[in-house]
>>> print(open('work_32.cif').read())   # mmCIF, C-alpha atoms, pLDDT in the B column; chains and numbers go by the auth columns
data_model
loop_
_atom_site.group_PDB
_atom_site.id
_atom_site.type_symbol
_atom_site.label_atom_id
_atom_site.label_comp_id
_atom_site.label_asym_id
_atom_site.label_seq_id
_atom_site.Cartn_x
_atom_site.Cartn_y
_atom_site.Cartn_z
_atom_site.B_iso_or_equiv
_atom_site.auth_seq_id
_atom_site.auth_asym_id
ATOM 1 C CA PRO A 1 10.498 -64.593 92.529 72.00 5 A
ATOM 2 C CA GLY A 2 7.989 -67.064 93.964 86.00 6 A
ATOM 3 C CA PHE A 3 5.697 -64.270 95.121 92.00 7 A
ATOM 4 C CA ILE A 4 5.998 -62.500 91.770 91.00 8 A
ATOM 5 C CA ALA A 5 5.100 -65.681 89.899 91.00 9 A
ATOM 6 C CA LEU A 6 2.097 -66.251 92.163 93.00 10 A
ATOM 7 C CA ARG A 7 0.914 -62.649 91.792 94.00 11 A
ATOM 8 C CA ASN A 8 1.320 -62.783 88.000 93.00 12 A
ATOM 9 C CA LYS A 9 -0.610 -66.046 87.819 93.00 13 A
ATOM 10 C CA ILE A 10 -3.445 -64.631 89.932 92.00 14 A
ATOM 11 C CA ASP A 11 -3.592 -61.444 87.836 90.00 15 A
ATOM 12 C CA TYR A 12 -3.583 -63.507 84.634 86.00 16 A
ATOM 13 C CA LYS A 13 -6.401 -65.748 85.887 85.00 17 A
ATOM 14 C CA SER A 14 -8.349 -62.652 86.959 82.00 18 A
ATOM 15 C CA LEU A 15 -8.006 -61.272 83.445 77.00 19 A
ATOM 16 C CA LEU A 16 -9.187 -64.574 81.971 75.00 20 A
ATOM 17 C CA ARG A 17 -12.145 -64.657 84.346 75.00 21 A
ATOM 18 C CA ALA A 18 -12.998 -61.054 83.485 72.00 22 A
ATOM 19 C CA CYS A 19 -12.831 -61.914 79.780 67.00 23 A
ATOM 20 C CA LYS A 20 -15.347 -64.722 80.266 67.00 24 A
ATOM 21 C CA GLU A 21 -17.699 -62.736 82.492 67.00 25 A
ATOM 22 C CA ASN A 22 -17.576 -59.354 80.746 57.00 26 A
ATOM 23 C CA ALA A 23 -16.795 -60.240 77.136 47.00 27 A
ATOM 24 C CA PRO A 24 -17.320 -56.765 75.635 48.00 28 A
ATOM 25 C CA ALA A 25 -14.895 -54.908 77.926 57.00 29 A
ATOM 26 C CA PRO A 26 -13.019 -56.960 80.515 58.00 30 A
ATOM 27 C CA TRP A 27 -11.289 -54.762 83.086 57.00 31 A
ATOM 28 C CA GLY A 28 -12.443 -51.853 80.979 53.00 32 A
ATOM 29 C CA LEU A 29 -10.172 -52.907 78.102 60.00 33 A
ATOM 30 C CA GLN A 30 -11.482 -52.439 74.597 53.00 34 A
ATOM 31 C CA ASP A 31 -12.282 -55.429 72.413 56.00 35 A
ATOM 32 C CA LYS A 32 -9.336 -54.765 70.108 55.00 36 A
ATOM 33 C CA TYR A 33 -6.900 -55.540 72.919 61.00 37 A
ATOM 34 C CA ILE A 34 -8.380 -58.762 74.209 60.00 38 A
ATOM 35 C CA LEU A 35 -10.850 -60.491 71.936 50.00 39 A
ATOM 36 C CA GLY A 36 -10.356 -62.092 68.581 58.00 40 A
ATOM 37 C CA THR A 37 -8.516 -64.996 67.084 65.00 41 A
ATOM 38 C CA LEU A 38 -4.891 -64.708 66.088 69.00 42 A
ATOM 39 C CA ASN A 39 -4.236 -65.232 62.389 69.00 43 A
ATOM 40 C CA ALA A 40 -1.766 -64.045 59.745 70.00 44 A
ATOM 41 C CA GLU A 41 -3.960 -61.107 58.713 74.00 45 A
ATOM 42 C CA ASN A 42 -4.313 -59.598 62.179 76.00 46 A
ATOM 43 C CA ALA A 43 -0.957 -60.502 63.769 78.00 47 A
ATOM 44 C CA LYS A 44 0.297 -56.918 63.846 80.00 48 A
ATOM 45 C CA SER A 45 -2.895 -55.484 65.317 79.00 49 A
ATOM 46 C CA PHE A 46 -3.387 -58.448 67.681 81.00 50 A
ATOM 47 C CA PHE A 47 -0.071 -57.739 69.411 85.00 51 A
ATOM 48 C CA VAL A 48 -0.588 -54.018 69.882 84.00 52 A
ATOM 49 C CA PRO A 49 0.910 -52.802 73.184 86.00 53 A
ATOM 50 C CA LEU A 50 -1.638 -51.771 75.764 85.00 54 A
ATOM 51 C CA PRO A 51 -1.770 -47.951 75.994 86.00 55 A
ATOM 52 C CA GLU A 52 -0.882 -46.614 79.444 88.00 56 A
ATOM 53 C CA ALA A 53 -4.256 -44.900 79.903 86.00 57 A
ATOM 54 C CA ASP A 54 -6.071 -48.191 79.272 82.00 58 A
ATOM 55 C CA ALA A 55 -3.719 -50.063 81.604 84.00 59 A
ATOM 56 C CA VAL A 56 -4.355 -47.526 84.370 86.00 60 A
ATOM 57 C CA ALA A 57 -8.134 -47.723 83.828 81.00 61 A
ATOM 58 C CA ALA A 58 -8.051 -51.516 83.817 80.00 62 A
ATOM 59 C CA GLY A 59 -5.890 -51.465 86.938 82.00 63 A
ATOM 60 C CA ALA A 60 -8.443 -49.320 88.719 81.00 64 A
ATOM 61 C CA VAL A 61 -11.211 -51.792 87.867 77.00 65 A
ATOM 62 C CA ALA A 62 -9.111 -54.831 88.810 79.00 66 A
ATOM 63 C CA LYS A 63 -7.520 -53.071 91.822 82.00 67 A
ATOM 64 C CA ILE A 64 -3.962 -53.741 90.645 85.00 68 A
ATOM 65 C CA THR A 65 -1.206 -51.567 89.209 91.00 69 A
ATOM 66 C CA SER A 66 -0.967 -50.719 85.524 90.00 70 A
ATOM 67 C CA ARG A 67 2.303 -52.682 85.419 92.00 71 A
ATOM 68 C CA GLN A 68 0.466 -55.774 86.652 92.00 72 A
ATOM 69 C CA VAL A 69 -2.228 -55.188 84.031 89.00 73 A
ATOM 70 C CA ASN A 70 0.452 -55.091 81.324 92.00 74 A
ATOM 71 C CA ILE A 71 1.992 -58.321 82.599 94.00 75 A
ATOM 72 C CA ALA A 72 -1.396 -60.086 82.682 92.00 76 A
ATOM 73 C CA TYR A 73 -2.095 -58.748 79.186 90.00 77 A
ATOM 74 C CA GLU A 74 1.254 -60.053 77.897 92.00 78 A
ATOM 75 C CA LEU A 75 0.550 -63.434 79.500 92.00 79 A
ATOM 76 C CA TYR A 76 -2.861 -63.469 77.816 87.00 80 A
ATOM 77 C CA LYS A 77 -1.296 -62.725 74.439 88.00 81 A
ATOM 78 C CA LEU A 78 1.426 -65.360 74.934 90.00 82 A
ATOM 79 C CA ARG A 79 -1.243 -67.968 75.699 87.00 83 A
ATOM 80 C CA ALA A 80 -3.105 -66.890 72.538 82.00 84 A
ATOM 81 C CA LEU A 81 0.143 -67.190 70.574 85.00 85 A
ATOM 82 C CA HIS A 82 0.798 -70.712 71.806 85.00 86 A
ATOM 83 C CA ASP A 83 -2.814 -71.746 71.192 82.00 87 A
ATOM 84 C CA ALA A 84 -2.658 -70.398 67.619 78.00 88 A
ATOM 85 C CA LEU A 85 0.610 -72.209 66.932 81.00 89 A
ATOM 86 C CA GLU A 86 -0.735 -75.475 68.359 81.00 90 A
ATOM 87 C CA LYS A 87 -3.930 -75.154 66.314 78.00 91 A
ATOM 88 C CA GLU A 88 -1.935 -74.500 63.147 75.00 92 A
ATOM 89 C CA GLN A 89 0.316 -77.491 63.904 76.00 93 A
ATOM 90 C CA GLU A 90 -2.722 -79.748 64.401 79.00 94 A
ATOM 91 C CA SER A 91 -4.366 -78.652 61.167 76.00 95 A
ATOM 92 C CA ASN A 92 -1.144 -79.125 59.130 72.00 96 A
ATOM 93 C CA PRO A 93 1.046 -81.625 60.994 67.00 97 A
ATOM 94 C CA SER A 94 3.299 -82.356 58.021 66.00 98 A
ATOM 95 C CA SER A 95 4.090 -78.768 57.056 60.00 99 A
ATOM 96 C CA PRO A 96 6.151 -76.268 59.033 60.00 100 A
ATOM 97 C CA ILE A 97 4.215 -73.572 60.813 60.00 101 A
ATOM 98 C CA SER A 98 4.063 -70.765 58.282 66.00 102 A
ATOM 99 C CA ASN A 99 3.012 -67.919 60.568 73.00 103 A
ATOM 100 C CA ARG A 100 5.320 -68.746 63.479 79.00 104 A
ATOM 101 C CA GLU A 101 7.943 -66.067 62.714 82.00 105 A
ATOM 102 C CA ILE A 102 5.319 -63.374 62.149 83.00 106 A
ATOM 103 C CA PHE A 103 3.505 -64.154 65.402 84.00 107 A
ATOM 104 C CA GLU A 104 6.659 -64.485 67.479 88.00 108 A
ATOM 105 C CA LYS A 105 8.173 -61.278 66.138 90.00 109 A
ATOM 106 C CA GLN A 106 5.033 -59.262 66.856 89.00 110 A
ATOM 107 C CA TYR A 107 4.794 -60.676 70.383 91.00 111 A
ATOM 108 C CA ARG A 108 8.481 -60.017 71.038 93.00 112 A
ATOM 109 C CA LEU A 109 8.140 -56.415 69.831 93.00 113 A
ATOM 110 C CA MET A 110 5.097 -55.866 72.033 93.00 114 A
ATOM 111 C CA VAL A 111 6.902 -57.067 75.163 95.00 115 A
ATOM 112 C CA LYS A 112 10.127 -55.241 74.316 95.00 116 A
ATOM 113 C CA LYS A 113 8.236 -51.945 73.995 93.00 117 A
ATOM 114 C CA ARG A 114 7.088 -52.328 77.607 93.00 118 A
ATOM 115 C CA LEU A 115 10.559 -53.402 78.706 94.00 119 A
ATOM 116 C CA LEU A 116 11.984 -50.334 77.008 93.00 120 A
ATOM 117 C CA LYS A 117 9.767 -48.124 79.199 91.00 121 A
ATOM 118 C CA THR A 118 10.425 -50.165 82.334 91.00 122 A
ATOM 119 C CA HIS A 119 14.220 -50.142 81.935 94.00 123 A
ATOM 120 C CA ARG A 120 14.627 -46.633 80.522 92.00 124 A
ATOM 121 C CA GLU A 121 17.134 -45.634 83.204 92.00 125 A
ATOM 122 C CA ASP A 122 19.198 -48.809 82.811 92.00 126 A
ATOM 123 C CA LEU A 123 19.278 -48.349 79.048 92.00 127 A
ATOM 124 C CA GLY A 124 20.288 -44.706 79.420 90.00 128 A
ATOM 125 C CA GLY A 125 23.562 -45.833 80.964 91.00 129 A
ATOM 126 C CA LEU A 126 24.450 -47.952 77.951 91.00 130 A
ATOM 127 C CA THR A 127 26.365 -46.207 75.205 90.00 131 A
ATOM 128 C CA THR A 128 26.002 -48.321 72.072 93.00 132 A
ATOM 129 C CA LYS A 129 22.943 -49.526 70.217 93.00 133 A
ATOM 130 C CA GLU A 130 24.267 -53.092 70.388 95.00 134 A
ATOM 131 C CA ASP A 131 24.542 -52.919 74.198 94.00 135 A
ATOM 132 C CA LYS A 132 20.967 -51.671 74.436 94.00 136 A
ATOM 133 C CA GLN A 133 19.722 -54.395 72.104 93.00 137 A
ATOM 134 C CA ALA A 134 21.610 -57.050 74.078 95.00 138 A
ATOM 135 C CA PHE A 135 20.154 -55.717 77.334 95.00 139 A
ATOM 136 C CA LEU A 136 16.611 -55.804 75.932 95.00 140 A
ATOM 137 C CA ALA A 137 17.147 -59.282 74.457 95.00 141 A
ATOM 138 C CA LYS A 138 18.324 -60.594 77.824 96.00 142 A
ATOM 139 C CA ALA A 139 15.411 -58.912 79.624 96.00 143 A
ATOM 140 C CA PHE A 140 12.965 -60.385 77.104 96.00 144 A
ATOM 141 C CA ASP A 141 14.432 -63.879 77.502 95.00 145 A
ATOM 142 C CA GLN A 142 14.053 -63.667 81.282 94.00 146 A
ATOM 143 C CA VAL A 143 10.493 -62.360 81.068 95.00 147 A
ATOM 144 C CA HIS A 144 9.563 -64.899 78.404 94.00 148 A
ATOM 145 C CA SER A 145 10.808 -67.883 80.391 92.00 149 A
ATOM 146 C CA HIS A 146 9.001 -66.570 83.472 93.00 150 A
ATOM 147 C CA TYR A 147 5.787 -66.125 81.466 93.00 151 A
ATOM 148 C CA LEU A 148 6.036 -69.655 80.084 92.00 152 A
ATOM 149 C CA SER A 149 6.222 -71.040 83.618 91.00 153 A
ATOM 150 C CA VAL A 150 3.268 -68.906 84.747 91.00 154 A
ATOM 151 C CA ILE A 151 0.958 -70.043 81.930 89.00 155 A
ATOM 152 C CA GLY A 152 2.202 -73.615 82.111 87.00 156 A
ATOM 153 C CA CYS A 153 3.788 -73.924 78.674 82.00 157 A
ATOM 154 C CA LYS A 154 6.728 -76.249 78.545 69.00 158 A
ATOM 155 C CA ARG A 155 8.291 -75.117 75.300 63.00 159 A
ATOM 156 C CA SER A 156 9.513 -71.795 74.082 57.00 160 A
ATOM 157 C CA PHE A 157 9.334 -70.320 70.583 54.00 161 A
ATOM 158 C CA ASP A 158 11.815 -72.920 69.366 49.00 162 A
#
>>> encode(input="work_32.cif", output="structure tokens")
Amino acid sequence: PGFIALRNKIDYKSLLRACKENAPAPWGLQDKYILGTLNAENAKSFFVPLPEADAVAAGAVAKITSRQVNIAYELYKLRALHDALEKEQESNPSSPISNREIFEKQYRLMVKKRLLKTHREDLGGLTTKEDKQAFLAKAFDQVHSHYLSVIGCKRSFD
């Protein structure tokens, strides 16, 4: 796990560096995947899963696997989510964060779509929909806590 965390952190920082250096198309990714500010109007499109072809192309540019590209991308989006929530909290400290559920749900769905592909065989062995949902929820919780440690966030979606 230590090596995985280190690799994920390096890939994430490489993506950030690429975003700063090559703003129009970092790692060959289109603007709609990386750039922009998260807000209530674009939450659904902001958390669009990275298509496999784009992940493979970005991986070729960055010299990493498409799976690593997806992880770095999810880390990037999680950091954007936390930044948006912090900004909203600062601008309205007395009111509850109105877009929190929308943002968190869209992020969770984005990550779970990748987990669904990654764990297709494991899920195939489960018979009920509830078992599959529980498996994906547990996988998401593990990935999410790992991602929080990689990007240095102390708190979860709570």
>>> closest_residue(input="work_32.cif", among="A:Ala47, A:Ala66, A:Val52, A:Ala22", to="A:Glu78", atoms="all atoms listed in the file")
A:Val52
>>> atom_distance(input="work_32.cif", atom1="atom CA of A:Ile155", atom2="atom CA of A:Leu10")
11.0 Å
>>> residues_around(input="work_32.cif", residues="A:Gln72", least_positions_apart="5", cutoff="12 Å", atoms="all atoms listed in the file", output="PyMOL selection string")
chain A and resi 8-16+18-19+54+56+59-60+62-64+66-67+77-79+118
>>> closest_residue(input="work_32.cif", among="A:Asn103, A:His148, A:Phe139, A:Leu82", to="A:Asn46", atoms="all atoms listed in the file")
A:Asn103
>>> closest_residue(input="work_32.cif", among="A:Ala57, A:Leu127, A:Tyr151, A:Cys157", to="A:Ala76", atoms="all atoms listed in the file")
A:Tyr151
>>> atom_distance(input="work_32.cif", atom1="atom CA of A:Val115", atom2="atom CA of A:Gln93")
24.2 Å
>>> closest_atom_pairs(input="work_32.cif", of="stretch 49-130 of chain A", to="stretch 142-145 of chain A", cutoff="8 Å", atoms="only C-alpha atoms", output="JSON lines")
{"residue": "A:Arg112", "atom": "CA", "partner": "A:Phe144", "partner_atom": "CA", "distance": 7.6}
{"residue": "A:Val115", "atom": "CA", "partner": "A:Phe144", "partner_atom": "CA", "distance": 7.2}
{"residue": "A:Lys116", "atom": "CA", "partner": "A:Phe144", "partner_atom": "CA", "distance": 6.5}
{"residue": "A:Leu119", "atom": "CA", "partner": "A:Ala143", "partner_atom": "CA", "distance": 7.4}
>>> closest_residue(input="work_32.cif", among="A:Asn96, A:Glu105, A:Leu120, A:Val154", to="A:Gln137", atoms="all atoms listed in the file")
A:Leu120
>>> resolve_selection(input="work_32.cif", expression="the PyMOL selection byres ((chain A and resi 88) around 10)", output="list in words")
Thr41, Leu42, Asn43, Leu82, Arg83, Ala84, Leu85, His86, Asp87, Leu89, Glu90, Lys91, Glu92, Gln93, Glu94, Asn103, Arg104 and Phe107 of chain A
>>> atom_distance(input="work_32.cif", atom1="atom CA of A:Gly156", atom2="atom CA of A:Glu108")
17.8 Å
>>> closest_residue(input="work_32.cif", among="A:Phe7, A:Thr122, A:Leu113, A:Phe51", to="A:Ala141", atoms="only C-alpha atoms")
A:Leu113
>>> closest_residue(input="work_32.cif", among="A:Met114, A:Ile106, A:Ala44, A:Ala138", to="A:Lys81", atoms="only C-alpha atoms")
A:Met114
>>> build_atoms(input="work_32.cif", residues="stretch 63-85 of chain A", atoms="N, CA, C and O atoms", output="PDB file, keeping the file's coordinate frame")
ATOM      1  N   GLY A  63      -6.431 -51.251  85.603  1.00 82.00           N
ATOM      2  CA  GLY A  63      -5.890 -51.465  86.938  1.00 82.00           C
ATOM      3  C   GLY A  63      -6.829 -50.962  88.019  1.00 82.00           C
ATOM      4  O   GLY A  63      -6.961 -51.589  89.077  1.00 82.00           O
ATOM      5  N   ALA A  64      -7.482 -49.853  87.751  1.00 81.00           N
ATOM      6  CA  ALA A  64      -8.443 -49.320  88.719  1.00 81.00           C
ATOM      7  C   ALA A  64      -9.618 -50.275  88.896  1.00 81.00           C
ATOM      8  O   ALA A  64     -10.082 -50.510  90.019  1.00 81.00           O
ATOM      9  N   VAL A  65     -10.099 -50.837  87.803  1.00 77.00           N
ATOM     10  CA  VAL A  65     -11.211 -51.792  87.867  1.00 77.00           C
ATOM     11  C   VAL A  65     -10.779 -53.072  88.584  1.00 77.00           C
ATOM     12  O   VAL A  65     -11.488 -53.601  89.435  1.00 77.00           O
ATOM     13  N   ALA A  66      -9.585 -53.569  88.256  1.00 79.00           N
ATOM     14  CA  ALA A  66      -9.111 -54.831  88.810  1.00 79.00           C
ATOM     15  C   ALA A  66      -8.420 -54.659  90.164  1.00 79.00           C
ATOM     16  O   ALA A  66      -8.066 -55.642  90.802  1.00 79.00           O
ATOM     17  N   LYS A  67      -8.197 -53.396  90.557  1.00 82.00           N
ATOM     18  CA  LYS A  67      -7.520 -53.071  91.822  1.00 82.00           C
ATOM     19  C   LYS A  67      -6.087 -53.606  91.859  1.00 82.00           C
ATOM     20  O   LYS A  67      -5.648 -54.186  92.843  1.00 82.00           O
ATOM     21  N   ILE A  68      -5.382 -53.407  90.738  1.00 85.00           N
ATOM     22  CA  ILE A  68      -3.962 -53.741  90.645  1.00 85.00           C
ATOM     23  C   ILE A  68      -3.265 -52.599  89.910  1.00 85.00           C
ATOM     24  O   ILE A  68      -3.924 -51.717  89.373  1.00 85.00           O
ATOM     25  N   THR A  69      -1.948 -52.634  89.885  1.00 91.00           N
ATOM     26  CA  THR A  69      -1.206 -51.567  89.209  1.00 91.00           C
ATOM     27  C   THR A  69      -1.262 -51.735  87.691  1.00 91.00           C
ATOM     28  O   THR A  69      -1.517 -52.830  87.181  1.00 91.00           O
ATOM     29  N   SER A  70      -0.975 -50.649  86.994  1.00 90.00           N
ATOM     30  CA  SER A  70      -0.967 -50.719  85.524  1.00 90.00           C
ATOM     31  C   SER A  70       0.136 -51.661  85.041  1.00 90.00           C
ATOM     32  O   SER A  70      -0.014 -52.323  84.020  1.00 90.00           O
ATOM     33  N   ARG A  71       1.231 -51.746  85.783  1.00 92.00           N
ATOM     34  CA  ARG A  71       2.303 -52.682  85.419  1.00 92.00           C
ATOM     35  C   ARG A  71       1.804 -54.121  85.494  1.00 92.00           C
ATOM     36  O   ARG A  71       2.082 -54.939  84.616  1.00 92.00           O
ATOM     37  N   GLN A  72       1.028 -54.435  86.524  1.00 92.00           N
ATOM     38  CA  GLN A  72       0.466 -55.774  86.652  1.00 92.00           C
ATOM     39  C   GLN A  72      -0.544 -56.049  85.540  1.00 92.00           C
ATOM     40  O   GLN A  72      -0.630 -57.173  85.047  1.00 92.00           O
ATOM     41  N   VAL A  73      -1.294 -55.034  85.148  1.00 89.00           N
ATOM     42  CA  VAL A  73      -2.228 -55.188  84.031  1.00 89.00           C
ATOM     43  C   VAL A  73      -1.456 -55.538  82.764  1.00 89.00           C
ATOM     44  O   VAL A  73      -1.832 -56.446  82.021  1.00 89.00           O
ATOM     45  N   ASN A  74      -0.361 -54.817  82.513  1.00 92.00           N
ATOM     46  CA  ASN A  74       0.452 -55.091  81.324  1.00 92.00           C
ATOM     47  C   ASN A  74       1.008 -56.500  81.342  1.00 92.00           C
ATOM     48  O   ASN A  74       1.042 -57.176  80.304  1.00 92.00           O
ATOM     49  N   ILE A  75       1.450 -56.966  82.498  1.00 94.00           N
ATOM     50  CA  ILE A  75       1.992 -58.321  82.599  1.00 94.00           C
ATOM     51  C   ILE A  75       0.897 -59.345  82.319  1.00 94.00           C
ATOM     52  O   ILE A  75       1.103 -60.292  81.548  1.00 94.00           O
ATOM     53  N   ALA A  76      -0.282 -59.160  82.925  1.00 92.00           N
ATOM     54  CA  ALA A  76      -1.396 -60.086  82.682  1.00 92.00           C
ATOM     55  C   ALA A  76      -1.786 -60.072  81.210  1.00 92.00           C
ATOM     56  O   ALA A  76      -2.072 -61.119  80.622  1.00 92.00           O
ATOM     57  N   TYR A  77      -1.780 -58.898  80.603  1.00 90.00           N
ATOM     58  CA  TYR A  77      -2.095 -58.748  79.186  1.00 90.00           C
ATOM     59  C   TYR A  77      -1.078 -59.490  78.326  1.00 90.00           C
ATOM     60  O   TYR A  77      -1.441 -60.203  77.380  1.00 90.00           O
ATOM     61  N   GLU A  78       0.216 -59.352  78.651  1.00 92.00           N
ATOM     62  CA  GLU A  78       1.254 -60.053  77.897  1.00 92.00           C
ATOM     63  C   GLU A  78       1.138 -61.567  78.078  1.00 92.00           C
ATOM     64  O   GLU A  78       1.357 -62.323  77.133  1.00 92.00           O
ATOM     65  N   LEU A  79       0.783 -62.009  79.265  1.00 92.00           N
ATOM     66  CA  LEU A  79       0.550 -63.434  79.500  1.00 92.00           C
ATOM     67  C   LEU A  79      -0.622 -63.925  78.656  1.00 92.00           C
ATOM     68  O   LEU A  79      -0.573 -65.003  78.063  1.00 92.00           O
ATOM     69  N   TYR A  80      -1.679 -63.135  78.612  1.00 87.00           N
ATOM     70  CA  TYR A  80      -2.861 -63.469  77.816  1.00 87.00           C
ATOM     71  C   TYR A  80      -2.487 -63.625  76.340  1.00 87.00           C
ATOM     72  O   TYR A  80      -2.886 -64.578  75.673  1.00 87.00           O
ATOM     73  N   LYS A  81      -1.698 -62.686  75.841  1.00 88.00           N
ATOM     74  CA  LYS A  81      -1.296 -62.725  74.439  1.00 88.00           C
ATOM     75  C   LYS A  81      -0.345 -63.896  74.161  1.00 88.00           C
ATOM     76  O   LYS A  81      -0.415 -64.518  73.103  1.00 88.00           O
ATOM     77  N   LEU A  82       0.530 -64.210  75.108  1.00 90.00           N
ATOM     78  CA  LEU A  82       1.426 -65.360  74.934  1.00 90.00           C
ATOM     79  C   LEU A  82       0.623 -66.651  74.868  1.00 90.00           C
ATOM     80  O   LEU A  82       0.889 -67.522  74.046  1.00 90.00           O
ATOM     81  N   ARG A  83      -0.382 -66.775  75.725  1.00 87.00           N
ATOM     82  CA  ARG A  83      -1.243 -67.968  75.699  1.00 87.00           C
ATOM     83  C   ARG A  83      -1.958 -68.050  74.352  1.00 87.00           C
ATOM     84  O   ARG A  83      -2.059 -69.118  73.747  1.00 87.00           O
ATOM     85  N   ALA A  84      -2.443 -66.919  73.847  1.00 82.00           N
ATOM     86  CA  ALA A  84      -3.105 -66.890  72.538  1.00 82.00           C
ATOM     87  C   ALA A  84      -2.133 -67.291  71.435  1.00 82.00           C
ATOM     88  O   ALA A  84      -2.498 -68.018  70.507  1.00 82.00           O
ATOM     89  N   LEU A  85      -0.889 -66.831  71.547  1.00 85.00           N
ATOM     90  CA  LEU A  85       0.143 -67.190  70.574  1.00 85.00           C
ATOM     91  C   LEU A  85       0.378 -68.692  70.572  1.00 85.00           C
ATOM     92  O   LEU A  85       0.366 -69.325  69.517  1.00 85.00           O
TER      93      LEU A  85
END
